[in-house]
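What follows is input00.cif (mmCIF, C-alpha atoms).
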data_model
loop_
_atom_site.label_atom_id
_atom_site.label_comp_id
_atom_site.auth_asym_id
_atom_site.auth_seq_id
_atom_site.Cartn_x
_atom_site.Cartn_y
_atom_site.Cartn_z
CA MET A 1458 -60.46 -22.74 -42.18
CA THR A 1459 -62.37 -19.86 -40.66
CA PHE A 1460 -62.85 -20.64 -37.03
CA GLN A 1461 -64.48 -18.65 -34.27
CA PHE A 1462 -64.64 -19.64 -30.62
CA ASP A 1463 -68.21 -20.27 -29.45
CA PRO A 1464 -69.14 -18.46 -26.21
CA GLY A 1465 -71.33 -21.41 -25.25
CA LEU A 1466 -68.20 -23.55 -24.93
CA VAL A 1467 -66.14 -21.09 -22.88
CA GLN A 1468 -66.18 -21.18 -19.07
CA VAL A 1469 -64.34 -19.16 -16.45
CA ASP A 1470 -63.69 -19.53 -12.74
CA ILE A 1471 -63.64 -23.32 -12.87
CA VAL A 1472 -62.81 -24.93 -9.53
CA SER A 1473 -61.55 -28.48 -9.95
CA PRO A 1474 -59.34 -30.41 -7.58
CA THR A 1475 -57.84 -32.73 -10.17
CA ARG A 1476 -56.82 -32.81 -13.80
CA ASP A 1477 -59.55 -35.26 -14.75
CA ASP A 1478 -62.22 -33.17 -13.00
CA ALA A 1479 -61.03 -30.05 -14.77
CA LEU A 1480 -61.00 -31.77 -18.18
CA ARG A 1481 -64.50 -33.18 -17.64
CA GLU A 1482 -65.83 -29.80 -16.58
CA VAL A 1483 -64.34 -28.03 -19.60
CA ALA A 1484 -65.65 -30.80 -21.91
CA ARG A 1485 -69.15 -30.78 -20.41
CA PRO A 1486 -70.71 -28.19 -22.77
CA LEU A 1487 -69.31 -30.11 -25.76
CA VAL A 1488 -71.39 -33.11 -24.72
CA GLU A 1489 -74.43 -31.07 -23.69
CA GLN A 1490 -74.54 -29.29 -27.02
CA GLY A 1491 -74.11 -32.47 -29.01
CA CYS A 1492 -70.72 -31.48 -30.45
CA VAL A 1493 -69.25 -34.79 -29.28
CA GLY A 1494 -70.50 -38.16 -28.08
CA PRO A 1495 -70.92 -38.94 -24.37
CA THR A 1496 -67.61 -40.84 -24.18
CA TYR A 1497 -65.54 -37.91 -25.42
CA PRO A 1498 -64.54 -36.55 -21.97
CA ASP A 1499 -63.29 -40.00 -20.93
CA LEU A 1500 -61.29 -40.33 -24.14
CA VAL A 1501 -59.73 -36.91 -23.49
CA CYS A 1502 -58.73 -37.89 -19.94
CA GLU A 1503 -57.29 -41.16 -21.18
CA ARG A 1504 -55.25 -39.54 -23.93
CA GLU A 1505 -53.97 -36.93 -21.50
CA ARG A 1506 -52.58 -39.75 -19.32
CA ASN A 1507 -50.70 -41.29 -22.27
CA TYR A 1508 -49.74 -38.15 -24.17
CA PRO A 1509 -49.72 -35.11 -21.90
CA THR A 1510 -50.59 -31.78 -23.50
CA GLY A 1511 -49.52 -29.31 -20.83
CA LEU A 1512 -47.42 -26.54 -22.33
CA PRO A 1513 -45.36 -23.89 -20.62
CA THR A 1514 -45.87 -20.43 -22.06
CA ARG A 1515 -44.49 -17.05 -21.15
CA GLY A 1516 -47.90 -16.32 -19.61
CA ALA A 1517 -50.15 -18.86 -17.88
CA SER A 1518 -49.47 -22.55 -18.55
CA VAL A 1519 -52.03 -24.12 -20.85
CA ALA A 1520 -53.23 -27.58 -21.84
CA LEU A 1521 -54.30 -28.40 -25.39
CA ALA A 1522 -56.23 -31.55 -24.67
CA HIS A 1523 -58.09 -33.67 -27.19
CA ALA A 1524 -59.08 -37.24 -27.89
CA ASP A 1525 -57.80 -39.33 -30.74
CA ALA A 1526 -60.22 -40.16 -33.55
CA ASN A 1527 -63.79 -41.24 -32.83
CA GLY A 1528 -65.65 -39.97 -29.80
CA GLY A 1529 -68.56 -38.91 -32.02
CA VAL A 1530 -67.23 -35.48 -32.98
CA LYS A 1531 -69.58 -33.49 -35.23
CA GLY A 1532 -68.13 -30.32 -36.71
CA ASN A 1533 -65.13 -28.40 -35.38
CA HIS A 1534 -65.20 -27.13 -31.82
CA VAL A 1535 -62.86 -25.89 -29.12
CA ALA A 1536 -64.00 -25.78 -25.50
CA VAL A 1537 -62.15 -23.37 -23.24
CA GLY A 1538 -61.86 -23.30 -19.47
CA VAL A 1539 -60.09 -20.78 -17.29
CA LEU A 1540 -59.37 -22.29 -13.87
CA ARG A 1541 -59.67 -20.34 -10.64
CA SER A 1542 -56.46 -21.91 -9.35
CA PRO A 1543 -53.79 -23.95 -11.15
CA VAL A 1544 -54.23 -27.69 -11.62
CA PRO A 1545 -51.12 -29.82 -12.27
CA PHE A 1546 -50.80 -31.26 -15.76
CA ALA A 1547 -47.84 -33.19 -17.11
CA ASN A 1548 -45.65 -31.25 -19.52
CA MET A 1549 -45.91 -32.31 -23.17
CA GLU A 1550 -42.17 -31.74 -23.46
CA ASP A 1551 -41.28 -33.83 -20.43
CA ALA A 1552 -43.93 -36.07 -18.88
CA ASP A 1553 -42.08 -36.17 -15.54
CA GLU A 1554 -42.48 -32.46 -15.09
CA GLU A 1555 -45.69 -30.91 -13.73
CA LEU A 1556 -47.05 -27.60 -14.93
CA PRO A 1557 -49.52 -25.39 -13.05
CA VAL A 1558 -52.18 -25.12 -15.78
CA ARG A 1559 -54.66 -22.22 -15.65
CA ILE A 1560 -56.20 -22.40 -19.12
CA ILE A 1561 -57.51 -25.58 -20.74
CA PHE A 1562 -58.43 -25.88 -24.40
CA ILE A 1563 -60.18 -29.04 -25.55
CA LEU A 1564 -60.12 -29.57 -29.28
CA ALA A 1565 -62.86 -31.60 -30.93
CA MET A 1566 -62.21 -31.55 -34.65
CA GLU A 1567 -63.93 -33.66 -37.26
CA SER A 1568 -60.88 -34.37 -39.42
CA ALA A 1569 -57.13 -34.78 -38.93
CA HIS A 1570 -56.61 -31.89 -41.31
CA ALA A 1571 -58.83 -29.53 -39.33
CA HIS A 1572 -57.14 -30.70 -36.14
CA LEU A 1573 -53.70 -29.82 -37.46
CA GLU A 1574 -54.90 -26.42 -38.68
CA MET A 1575 -56.48 -25.71 -35.32
CA LEU A 1576 -53.32 -26.78 -33.46
CA THR A 1577 -51.27 -24.41 -35.59
CA CYS A 1578 -53.73 -21.65 -34.83
CA MET A 1579 -53.63 -22.47 -31.09
CA MET A 1580 -49.82 -22.41 -31.08
CA ARG A 1581 -49.95 -18.85 -32.37
CA LEU A 1582 -52.48 -17.87 -29.71
CA ILE A 1583 -50.48 -19.33 -26.83
CA ARG A 1584 -47.37 -17.42 -27.88
CA ASP A 1585 -49.25 -14.25 -27.00
CA GLU A 1586 -48.23 -13.74 -23.40
CA GLU A 1587 -50.35 -10.63 -22.93
CA LEU A 1588 -53.47 -12.34 -24.24
CA LEU A 1589 -53.04 -15.37 -21.96
CA SER A 1590 -52.40 -13.23 -18.90
CA SER A 1591 -55.40 -11.04 -19.70
CA LEU A 1592 -57.70 -14.07 -19.97
CA LEU A 1593 -57.06 -14.89 -16.31
CA HIS A 1594 -58.64 -11.61 -15.23
CA LEU A 1595 -61.77 -11.68 -17.35
CA GLU A 1596 -64.99 -12.36 -15.51
CA THR A 1597 -67.22 -14.07 -18.04
CA GLY A 1598 -66.93 -16.73 -20.69
CA ASP A 1599 -68.24 -14.23 -23.25
CA GLU A 1600 -65.34 -11.87 -22.53
CA VAL A 1601 -62.78 -14.68 -22.83
CA CYS A 1602 -64.38 -15.84 -26.06
CA HIS A 1603 -64.35 -12.31 -27.47
CA ALA A 1604 -60.68 -11.81 -26.55
CA LEU A 1605 -59.70 -15.09 -28.20
CA ASN A 1606 -61.64 -14.32 -31.36
CA GLU A 1607 -60.00 -10.90 -31.58
CA HIS A 1608 -56.58 -12.56 -31.64
CA ILE A 1609 -57.36 -15.50 -33.89
CA THR A 1610 -55.64 -15.31 -37.24
CA PRO A 1611 -56.57 -17.61 -40.09
CA MET B 785 -28.09 -35.17 -47.76
CA LYS B 786 -28.86 -35.24 -44.04
CA GLN B 787 -31.55 -37.62 -42.83
CA ILE B 788 -33.65 -36.25 -39.98
CA VAL B 789 -36.38 -38.08 -38.12
CA ILE B 790 -39.13 -35.98 -36.53
CA ALA B 791 -41.36 -37.83 -34.09
CA CYS B 792 -44.38 -37.17 -31.89
CA GLY B 793 -46.95 -39.34 -30.10
CA ALA B 794 -49.20 -40.02 -33.06
CA GLY B 795 -46.73 -39.04 -35.80
CA LEU B 796 -49.31 -36.61 -37.19
CA ALA B 797 -49.98 -33.30 -35.57
CA THR B 798 -47.22 -31.82 -33.44
CA SER B 799 -44.50 -33.45 -35.56
CA SER B 800 -46.01 -31.75 -38.64
CA MET B 801 -45.69 -28.41 -36.92
CA VAL B 802 -42.10 -29.06 -35.87
CA LEU B 803 -41.35 -30.37 -39.36
CA ASP B 804 -42.38 -27.06 -40.96
CA LYS B 805 -40.07 -25.16 -38.62
CA VAL B 806 -37.13 -27.52 -39.13
CA GLU B 807 -37.59 -27.23 -42.89
CA SER B 808 -37.16 -23.47 -42.70
CA VAL B 809 -34.17 -23.76 -40.33
CA LEU B 810 -32.44 -26.04 -42.85
CA LYS B 811 -33.25 -23.72 -45.72
CA GLN B 812 -31.95 -20.65 -43.90
CA ASN B 813 -28.71 -22.44 -43.17
CA GLY B 814 -28.23 -24.00 -46.57
CA ILE B 815 -28.47 -27.57 -45.28
CA ARG B 816 -29.93 -30.20 -47.59
CA GLY B 817 -31.96 -32.68 -45.63
CA ARG B 818 -34.64 -35.33 -45.94
CA LEU B 819 -37.23 -35.15 -43.17
CA ILE B 820 -38.90 -38.35 -42.02
CA GLN B 821 -42.02 -38.01 -39.87
CA CYS B 822 -43.02 -40.84 -37.54
CA THR B 823 -44.40 -41.83 -34.13
CA LEU B 824 -42.20 -41.98 -31.02
CA GLY B 825 -42.55 -45.77 -31.13
CA GLN B 826 -41.06 -45.90 -34.62
CA VAL B 827 -37.93 -43.93 -33.72
CA ASP B 828 -36.03 -47.08 -32.66
CA GLY B 829 -36.09 -48.34 -36.23
CA TYR B 830 -34.19 -45.29 -37.44
CA ASP B 831 -31.68 -45.11 -34.58
CA GLY B 832 -28.09 -45.35 -35.74
CA THR B 833 -28.98 -44.91 -39.42
CA VAL B 834 -30.08 -41.25 -39.53
CA ASP B 835 -28.18 -38.05 -38.72
CA LEU B 836 -30.57 -36.51 -36.22
CA ILE B 837 -33.69 -37.38 -34.24
CA ILE B 838 -36.03 -34.59 -33.17
CA THR B 839 -38.87 -35.45 -30.79
CA THR B 840 -41.72 -33.28 -29.52
CA MET B 841 -41.22 -34.63 -26.01
CA LYS B 842 -38.19 -35.54 -23.96
CA VAL B 843 -37.25 -39.20 -24.28
CA ARG B 844 -35.48 -41.15 -21.54
CA LYS B 845 -34.00 -43.66 -23.93
CA LYS B 846 -30.40 -43.18 -25.05
CA TYR B 847 -30.08 -43.22 -28.81
CA GLN B 848 -26.90 -43.66 -30.83
CA THR B 849 -28.09 -40.88 -33.13
CA PRO B 850 -28.03 -37.38 -31.62
CA CYS B 851 -31.48 -36.54 -30.25
CA ILE B 852 -32.95 -33.06 -29.73
CA THR B 853 -36.26 -32.10 -28.12
CA GLY B 854 -38.07 -29.83 -30.57
CA SER B 855 -40.97 -28.66 -28.43
CA ALA B 856 -39.52 -25.13 -28.42
CA PHE B 857 -40.86 -24.86 -31.97
CA LEU B 858 -44.35 -25.32 -30.55
CA THR B 859 -44.19 -22.93 -27.62
CA GLY B 860 -41.73 -20.44 -29.08
CA ILE B 861 -39.71 -20.55 -25.86
CA GLY B 862 -36.03 -21.15 -26.58
CA GLU B 863 -36.72 -21.56 -30.29
CA GLU B 864 -33.50 -19.84 -31.40
CA GLU B 865 -31.35 -22.03 -29.17
CA VAL B 866 -32.89 -25.25 -30.47
CA ALA B 867 -32.51 -24.08 -34.08
CA GLN B 868 -28.86 -23.36 -33.35
CA GLN B 869 -28.42 -26.80 -31.77
CA ILE B 870 -29.91 -28.47 -34.85
CA VAL B 871 -27.60 -26.57 -37.19
CA GLU B 872 -24.54 -27.34 -35.07
CA THR B 873 -25.39 -31.05 -34.84
CA LEU B 874 -25.92 -31.33 -38.59
CA LYS B 875 -22.81 -29.39 -39.50
CA ALA B 876 -20.62 -31.28 -37.01
#
Go ahead and render the structure in this file as structure tokens.
Amino acid sequence: MTFQFDPGLVQVDIVSPTRDDALREVARPLVEQGCVGPTYPDLVCERERNYPTGLPTRGASVALAHADANGGVKGNHVAVGVLRSPVPFANMEDADEELPVRIIFILAMESAHAHLEMLTCMMRLIRDEELLSSLLHLETGDEVCHALNEHITP
Amino acid sequence: MKQIVIACGAGLATSSMVLDKVESVLKQNGIRGRLIQCTLGQVDGYDGTVDLIITTMKVRKKYQTPCITGSAFLTGIGEEEVAQQIVETLKA
């Protein structure tokens, strides 16, 4: 799968008081651009409650949110949001633990196969401490998108 | 032959990623094992009959079978230690 992040789906300096607000804000361009159906953000929030996706990294904590099947996904997309200040997400490893998440990725993949490939790709990206830390200091979505695409490996 | 259950929420994505890593840990250490992938909800059915349970998230429940959290294989943090733990449990 050759995947490139789309600058139209990458936002920086997001200010959201709660996890759900942050997820909805990051998911907004997915809906606006017709990548997913209108219910997708709700499905993402709901799944996050049942199966948290917060992950500690050596850099900034991240969330790899997504919905389960359906939600009207067309094509393969990943929305990205860098938050101005951390928002608590439950830890995927231990739901009772809260992580201060600064970077949210929302996956919207058409097939289970593409989803798994994308997750594998994301796991490689989030192991890159320098990359994650550098994303926090970039000023535009275009810059974040460019940095991510530079580090993506098929 | 060691029987190892690998479980995540949906039994699809993260468990597949952990499964790949566990496979290579076994290979490197010359352990023959059969890996069974399932959802967290299905783990109960294997408890007491397999040699090891690896989950992608911490579980509160106490199992008879030794249980290890394998999320380190996703984040890369503490990966070596978890690999070591798996080998020690299976060789015990």
Taking the file as I've supplied it (selection: the PyMOL selection byres ((chain A) within 6 of (chain B))), which residues are included? Please answer as a CSV table (one decimal) with C-alpha atoms, keeping the file's coordinate frame.
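Okay, out15.csv is ready:
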chain,number,residue,atom,x,y,z
A,1549,MET,CA,-45.9,-32.3,-23.2
A,1550,GLU,CA,-42.2,-31.7,-23.5
A,1551,ASP,CA,-41.3,-33.8,-20.4
A,1573,LEU,CA,-53.7,-29.8,-37.5
Legend entry - Gap from atom CA of A:Asn1606 to atom CA of A:Val1483 - Å, one decimal: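 Taking atom CA of A:Asn1606 and atom CA of A:Val1483, their separation equals 18.3 Å.
Taking atom CA of B:Lys811 and atom CA of A:Ala1571 as endpoints, the distance between them is 27.0 Å.
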Inset, instruction - Evaluate the PyMOL selection byres ((chain A and resi 1587) around 12) and record the selected residues as a VMD selection string, following the chain and residue labels used in the document. - result: chain A and resid 1514 to 1517 1582 to 1586 1588 to 1594 1604 to 1605 1608
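What separates atom CA of A:Ala1547 from atom CA of A:Glu1482 is a distance of 18.3 Å.
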Legend entry - Residue IDs satisfying the PyMOL selection byres ((chain A and resi 1498) around 12), as a PyMOL selection string: chain A and resi 1476-1489+1492-1497+1499-1505+1522-1525+1527-1530+1536+1563-1565
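The smallest atom-to-atom distance between B:Thr823 and any of B:Ile852, B:Ala791, B:Leu836, B:Val802, using only C-alpha atoms, is found for B:Ala791.
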Inset, instruction - Name the closest residue to B:Asp804 among the candidates B:Gln826, B:Gln787, B:Gln869, B:Gln821; distances are taken between atoms, counting all atoms listed in the file. - result: B:Gln821
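With only C-alpha atoms as the atoms that count, the residue of B:Val789, B:Gln868, B:Lys875, B:Cys851 with the shortest distance to B:Gly829 is B:Val789.
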Inset, instruction - Skip B:Val809 itself and residues of its chain fewer than 5 positions away, then list as JSON, numbers by chain all residues within 9 Å of it, counting all atoms listed in the file. - result: {"B": [804, 814, 815, 867, 868, 870, 871]}
Give me a file of those residues, with C-alpha atoms, as a tab-separated table (two decimals), in the frame of the given file.
chain	number	residue	atom	x	y	z
B	804	ASP	CA	-42.38	-27.06	-40.96
B	814	GLY	CA	-28.23	-24.00	-46.57
B	815	ILE	CA	-28.47	-27.57	-45.28
B	867	ALA	CA	-32.51	-24.08	-34.08
B	868	GLN	CA	-28.86	-23.36	-33.35
B	870	ILE	CA	-29.91	-28.47	-34.85
B	871	VAL	CA	-27.60	-26.57	-37.19
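Distance check against B:Gly817 using all atoms listed in the file: of B:Ile788, B:Val866, B:Leu803, B:Ile837, the minimum falls on B:Ile788.
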Inset, instruction - Quick one: everything within 10 Å of A:Pro1474, counting all atoms listed in the file, minus sequence neighbours fewer than 5 positions away in the same chain. Send it as an MDAnalysis selection string. - result: chainID A and resid 1479 1542:1545
Legend entry - Contacts of B:Thr833 at 12 Å (only C-alpha atoms; same-chain gap of 5+ positions) as a PyMOL selection string: chain B and resi 786-789+827-828+847-850
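Closest approach to A:His1603 from the set A:Cys1578, A:Gly1465, A:His1534, A:Thr1459 is made by A:Gly1465, with distances taken over all atoms listed in the file.
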